[in-house]
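Engineer: Contents of upload-v8.csv (CSV, C-alpha atoms) are given next:
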chain,number,residue,atom,x,y,z
A,1,MET,CA,173.9,-115.8,137.4
A,2,ARG,CA,173.9,-119.6,136.9
A,3,GLN,CA,170.8,-120.8,135.1
A,4,ARG,CA,169.1,-124.1,135.3
A,5,PRO,CA,166.1,-125.3,133.3
A,6,GLY,CA,162.8,-124.8,135.1
A,7,THR,CA,160.6,-127.8,135.9
A,8,PHE,CA,157.1,-127.9,134.5
A,9,THR,CA,154.5,-130.4,135.7
A,10,ASN,CA,151.5,-132.4,134.4
A,11,VAL,CA,152.1,-132.3,130.6
A,12,PRO,CA,151.9,-136.1,129.8
A,13,LEU,CA,152.9,-135.7,126.1
A,14,SER,CA,156.2,-134.1,127.0
A,15,ASP,CA,159.3,-136.1,127.8
A,16,ARG,CA,160.6,-133.3,130.0
A,17,SER,CA,157.6,-132.9,132.2
A,18,VAL,CA,157.9,-134.0,135.8
A,19,SER,CA,155.3,-134.9,138.3
A,20,GLU,CA,154.4,-132.5,141.1
A,21,ALA,CA,156.1,-134.8,143.6
A,22,VAL,CA,159.4,-134.7,141.6
A,23,GLN,CA,159.2,-130.9,141.2
A,24,GLY,CA,158.8,-130.8,145.0
A,25,LYS,CA,162.2,-132.5,145.3
A,26,TYR,CA,164.0,-130.4,142.7
A,27,ILE,CA,163.0,-126.9,143.7
A,28,PRO,CA,164.4,-126.9,147.3
A,29,ARG,CA,167.6,-128.5,146.0
A,30,LEU,CA,167.9,-125.8,143.3
A,31,PHE,CA,168.0,-123.1,145.9
A,32,LEU,CA,170.4,-125.0,148.2
A,33,GLU,CA,172.8,-125.9,145.3
A,34,ASN,CA,172.8,-122.3,144.0
A,35,TYR,CA,173.6,-121.0,147.5
A,36,ASN,CA,176.5,-123.5,147.7
A,37,GLN,CA,177.7,-122.1,144.3
A,38,GLY,CA,177.8,-118.6,145.8
A,39,ILE,CA,174.6,-117.4,144.0
A,40,VAL,CA,173.0,-114.8,146.3
A,41,ARG,CA,169.6,-114.7,144.6
A,42,THR,CA,167.7,-117.5,142.9
A,43,PHE,CA,164.4,-117.0,141.2
A,44,SER,CA,162.0,-119.8,140.4
A,45,TYR,CA,160.0,-119.5,137.2
A,46,GLU,CA,157.1,-119.1,138.1
A,47,LEU,CA,154.9,-118.6,141.1
A,48,ILE,CA,151.6,-119.8,139.7
A,49,ASP,CA,150.6,-121.9,136.7
A,50,GLU,CA,149.2,-119.7,134.0
A,51,ARG,CA,146.2,-121.9,133.4
A,52,SER,CA,145.0,-125.5,133.8
A,53,ASN,CA,146.2,-127.0,130.5
A,54,THR,CA,148.0,-130.3,130.2
A,55,THR,CA,149.1,-129.8,126.6
A,56,ASN,CA,151.3,-126.7,127.0
A,57,SER,CA,154.4,-126.7,129.2
A,58,GLU,CA,154.4,-122.9,129.5
A,59,ASP,CA,151.2,-123.1,131.5
A,60,ASN,CA,152.6,-125.4,134.1
A,61,TYR,CA,155.9,-124.0,135.6
A,62,GLY,CA,154.3,-122.7,138.8
A,63,LEU,CA,154.8,-123.5,142.4
A,64,LEU,CA,151.0,-123.1,142.8
A,65,ARG,CA,148.4,-124.6,140.5
A,66,ALA,CA,146.3,-122.2,138.4
A,67,ASP,CA,143.5,-122.3,141.1
A,68,GLY,CA,146.0,-121.1,143.7
A,69,SER,CA,146.4,-124.4,145.5
A,70,PRO,CA,150.0,-125.3,146.5
A,71,LYS,CA,152.0,-127.9,144.7
A,72,PRO,CA,154.4,-130.0,146.8
A,73,ALA,CA,157.3,-127.7,145.6
A,74,PHE,CA,155.6,-124.7,147.2
A,75,THR,CA,155.0,-126.5,150.5
A,76,ALA,CA,158.6,-127.8,150.5
A,77,LEU,CA,160.1,-124.4,149.8
A,78,GLN,CA,157.8,-122.7,152.3
A,79,ASN,CA,158.7,-125.2,155.0
A,80,LEU,CA,162.5,-124.9,154.2
A,81,ILE,CA,162.3,-121.1,154.5
A,82,SER,CA,160.4,-121.4,157.7
A,83,LEU,CA,163.0,-123.7,159.3
A,84,LEU,CA,166.0,-121.6,158.1
A,85,ASN,CA,164.6,-118.1,158.5
A,86,ASP,CA,166.5,-115.9,161.1
A,87,PRO,CA,164.3,-113.0,161.9
A,88,SER,CA,166.6,-111.7,164.7
A,89,GLU,CA,167.5,-108.0,164.5
A,90,THR,CA,171.1,-109.1,165.3
A,91,SER,CA,171.3,-111.4,162.3
A,92,ALA,CA,172.7,-108.6,160.1
A,93,THR,CA,175.7,-108.0,162.3
A,94,PHE,CA,176.1,-111.7,163.3
A,95,THR,CA,179.5,-113.3,162.8
A,96,PRO,CA,179.1,-117.1,162.3
A,97,GLY,CA,181.0,-119.5,164.4
A,98,SER,CA,182.3,-122.9,163.2
A,99,LEU,CA,181.0,-126.5,163.5
A,100,ASP,CA,183.6,-129.3,163.5
A,101,TYR,CA,181.9,-132.3,161.9
A,102,THR,CA,182.4,-135.0,159.3
A,103,LEU,CA,180.1,-137.2,157.3
A,104,SER,CA,180.8,-140.9,156.9
A,105,GLY,CA,179.1,-144.0,155.6
A,106,SER,CA,177.3,-143.9,152.2
A,107,THR,CA,178.2,-140.3,151.1
A,108,GLN,CA,178.3,-140.7,147.3
A,109,ASN,CA,176.1,-138.0,145.7
A,110,VAL,CA,175.3,-136.5,149.2
A,111,GLU,CA,175.4,-132.7,149.1
A,112,HIS,CA,175.2,-130.5,152.1
A,113,THR,CA,174.7,-126.9,153.2
A,114,LEU,CA,175.7,-125.6,156.6
A,115,LEU,CA,174.1,-122.4,158.0
A,116,GLN,CA,174.1,-120.8,161.4
A,117,LYS,CA,171.4,-118.5,163.0
A,118,SER,CA,172.3,-115.5,165.2
A,119,ASN,CA,171.2,-117.5,168.3
A,120,GLY,CA,174.2,-119.9,167.6
A,121,ASP,CA,172.2,-122.8,166.3
A,122,PHE,CA,173.6,-124.5,163.2
A,123,TYR,CA,171.4,-125.9,160.5
A,124,LEU,CA,173.0,-128.7,158.4
A,125,VAL,CA,171.0,-129.6,155.3
A,126,LEU,CA,171.7,-132.9,153.5
A,127,TRP,CA,170.3,-134.4,150.3
A,128,GLN,CA,171.2,-136.8,147.5
A,129,GLU,CA,171.9,-134.9,144.3
A,130,VAL,CA,170.5,-137.6,142.0
A,131,PRO,CA,167.7,-137.8,139.4
A,132,SER,CA,164.4,-138.0,141.2
A,133,THR,CA,161.3,-140.1,140.5
A,134,ASP,CA,157.9,-140.3,142.1
A,135,GLN,CA,159.3,-143.0,144.4
A,136,ASP,CA,161.7,-142.0,147.2
A,137,ALA,CA,165.3,-142.6,146.2
A,138,THR,CA,166.9,-145.4,148.1
A,139,SER,CA,168.0,-143.7,151.3
A,140,GLN,CA,171.7,-143.6,152.0
A,141,ALA,CA,172.9,-144.4,155.5
A,142,VAL,CA,175.1,-141.4,156.5
A,143,THR,CA,176.6,-140.9,159.9
A,144,LEU,CA,177.1,-137.3,161.2
A,145,ASN,CA,180.1,-137.2,163.4
A,146,LEU,CA,180.3,-134.2,165.7
A,147,THR,CA,183.4,-132.9,167.4
A,148,THR,CA,181.9,-129.6,168.4
A,149,PRO,CA,179.9,-130.3,171.7
A,150,ILE,CA,176.2,-130.3,170.9
A,151,ALA,CA,173.5,-130.0,173.6
A,152,GLN,CA,170.6,-131.0,171.3
A,153,ALA,CA,170.1,-132.1,167.7
A,154,THR,CA,166.7,-132.1,166.0
A,155,THR,CA,165.9,-133.4,162.5
A,156,TYR,CA,163.2,-132.2,160.1
A,157,LEU,CA,161.9,-133.2,156.6
A,158,PRO,CA,160.6,-129.9,155.1
A,159,ASN,CA,159.1,-131.7,152.1
A,160,GLN,CA,156.7,-133.2,154.6
A,161,SER,CA,156.3,-130.5,157.4
A,162,THR,CA,158.1,-128.3,159.9
A,163,THR,CA,157.5,-130.8,162.7
A,164,ALA,CA,160.6,-132.5,164.1
A,165,THR,CA,161.2,-136.1,163.1
A,166,GLY,CA,163.8,-136.9,165.7
A,167,GLN,CA,165.7,-135.5,168.7
A,168,TYR,CA,169.0,-136.4,170.1
A,169,ALA,CA,170.5,-135.2,173.5
A,170,THR,CA,174.3,-134.5,173.6
A,171,PRO,CA,175.1,-136.5,170.4
A,172,THR,CA,178.6,-137.2,169.1
A,173,GLN,CA,177.2,-139.3,166.2
A,174,ILE,CA,173.8,-139.4,164.5
A,175,ALA,CA,172.8,-142.1,162.1
A,176,LEU,CA,170.8,-140.5,159.3
A,177,ASN,CA,168.9,-141.7,156.2
A,178,VAL,CA,169.5,-139.2,153.4
A,179,SER,CA,167.1,-139.2,150.4
A,180,ASP,CA,166.7,-137.1,147.3
A,181,TYR,CA,165.0,-134.3,149.2
A,182,PRO,CA,166.4,-132.1,152.0
A,183,LEU,CA,166.9,-133.4,155.5
A,184,VAL,CA,167.5,-130.5,158.0
A,185,ILE,CA,169.5,-131.1,161.2
A,186,GLN,CA,169.3,-128.3,163.8
A,187,LEU,CA,172.3,-128.5,166.1
A,188,THR,CA,172.4,-126.5,169.3
A,189,PRO,CA,175.9,-126.1,170.6
A,190,THR,CA,176.5,-126.8,174.3
A,191,GLN,CA,177.9,-123.3,174.5
A,192,SER,CA,176.8,-120.8,171.9
A,193,THR,CA,179.4,-120.0,169.3
A,194,ALA,CA,177.6,-116.8,168.3
A,195,SER,CA,179.9,-113.7,168.4
Here is a file; write its structure as structure tokens.
Structural biologist:
Amino acid sequence: MRQRPGTFTNVPLSDRSVSEAVQGKYIPRLFLENYNQGIVRTFSYELIDERSNTTNSEDNYGLLRADGSPKPAFTALQNLISLLNDPSETSATFTPGSLDYTLSGSTQNVEHTLLQKSNGDFYLVLWQEVPSTDQDATSQAVTLNLTTPIAQATTYLPNQSTTATGQYATPTQIALNVSDYPLVIQLTPTQSTAS
């Protein structure tokens, strides 16, 4: 299992502490990057802060604060799981199809994960793999070029919500702004490629 250091928050005297907003960018990327590396299970240390203490890093690794309220990392991961979940009973026997696409434009440091649900919809996740800060990274203009016929494309920003941020009918190209947190593009093929 590939290991990466955890991210703890709200310890001002540590040079390794990150803000809750930055943890919210890193955690979803951790799960996506590990999946891309073939890691089938990733665990985040830990679910809830041990206590409210800004002097000890061990107390502040949680996705939830000590009082049980969600940090941005919890919300981002919950929303990403909600968007990508495939509860269909046929998902266990589903054979994925293929999506013919390319990315062009400013693609330096842009990572991606392509998934497909058992209903035939593809989910392409894009993000910049760069050090994050409290400010949004400068978005990179990326064009998604689609050769596979797509009936509908819908974009989401799971760090914010599960509400669609854009919709495109029969696109062959989509101009996207890719930041340092995941952008999810749901792509519904004109004819399902599900087997």
Engineer: For Leu30 (chain A), find every residue with an atom within 12 Å (counting all atoms listed in the file), except residues of its own chain fewer than 4 positions away, and show them as number ranges by chain.
Structural biologist: A: 2-7, 23-26, 34-37, 39, 41-45, 73, 76-77, 111, 127, 129, 181-182
Engineer: Could you work out how far CA of Leu32 (chain A) lies from CA of Val110 (chain A), giving the answer in Å with one decimal?
Structural biologist: 12.5 Å
Engineer: Residues near Val22 (chain A), anyone? I mean within 8 Å using all atoms listed in the file, not counting same-chain ones fewer than 3 positions away, as number ranges by chain.
Structural biologist: A: 18-19, 25-26, 132-134
Engineer: Quick one: of A:Leu84, A:Gln152, A:Asp180, A:Leu47, who's nearest to Gln167 (chain A), counting only C-alpha atoms?
Structural biologist: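 Comparing A:Leu84, A:Gln152, A:Asp180, A:Leu47 against Gln167 (chain A), the winner is A:Gln152.
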Engineer: Tell me, in Å to one decimal, how far CA of Gln78 (chain A) is from CA of Leu63 (chain A).
Structural biologist: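 Between these atoms lies a distance of 10.4 Å.
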Engineer: Choose the residue, out of A:Arg65, A:Pro28, A:Leu124, A:Ser179, that has the smallest atom-to-atom separation from Thr155 (chain A); count only C-alpha atoms.
Structural biologist: A:Leu124
Engineer: CA of Ala153 (chain A) to CA of Ile185 (chain A): how many Å, to one decimal?
Structural biologist: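 If I compute the distance from CA of Ala153 (chain A) to CA of Ile185 (chain A), I get 6.6 Å.
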Engineer: So which residues fall inside 9 Å of (174.0, -127.2, 165.5) if we count only C-alpha atoms? Mind giving them as a short mmCIF file (atom, residue, chain, number, x, y, z; two decimals) with C-alpha atoms, in the coordinates of the input?
Structural biologist:
data_model
loop_
_atom_site.label_atom_id
_atom_site.label_comp_id
_atom_site.auth_asym_id
_atom_site.auth_seq_id
_atom_site.Cartn_x
_atom_site.Cartn_y
_atom_site.Cartn_z
CA LEU A 99 181.00 -126.50 163.50
CA LEU A 115 174.10 -122.40 158.00
CA GLN A 116 174.10 -120.80 161.40
CA GLY A 120 174.20 -119.90 167.60
CA ASP A 121 172.20 -122.80 166.30
CA PHE A 122 173.60 -124.50 163.20
CA TYR A 123 171.40 -125.90 160.50
CA LEU A 124 173.00 -128.70 158.40
CA THR A 148 181.90 -129.60 168.40
CA ILE A 150 176.20 -130.30 170.90
CA ALA A 151 173.50 -130.00 173.60
CA GLN A 152 170.60 -131.00 171.30
CA ALA A 153 170.10 -132.10 167.70
CA THR A 154 166.70 -132.10 166.00
CA ILE A 185 169.50 -131.10 161.20
CA GLN A 186 169.30 -128.30 163.80
CA LEU A 187 172.30 -128.50 166.10
CA THR A 188 172.40 -126.50 169.30
CA PRO A 189 175.90 -126.10 170.60
#
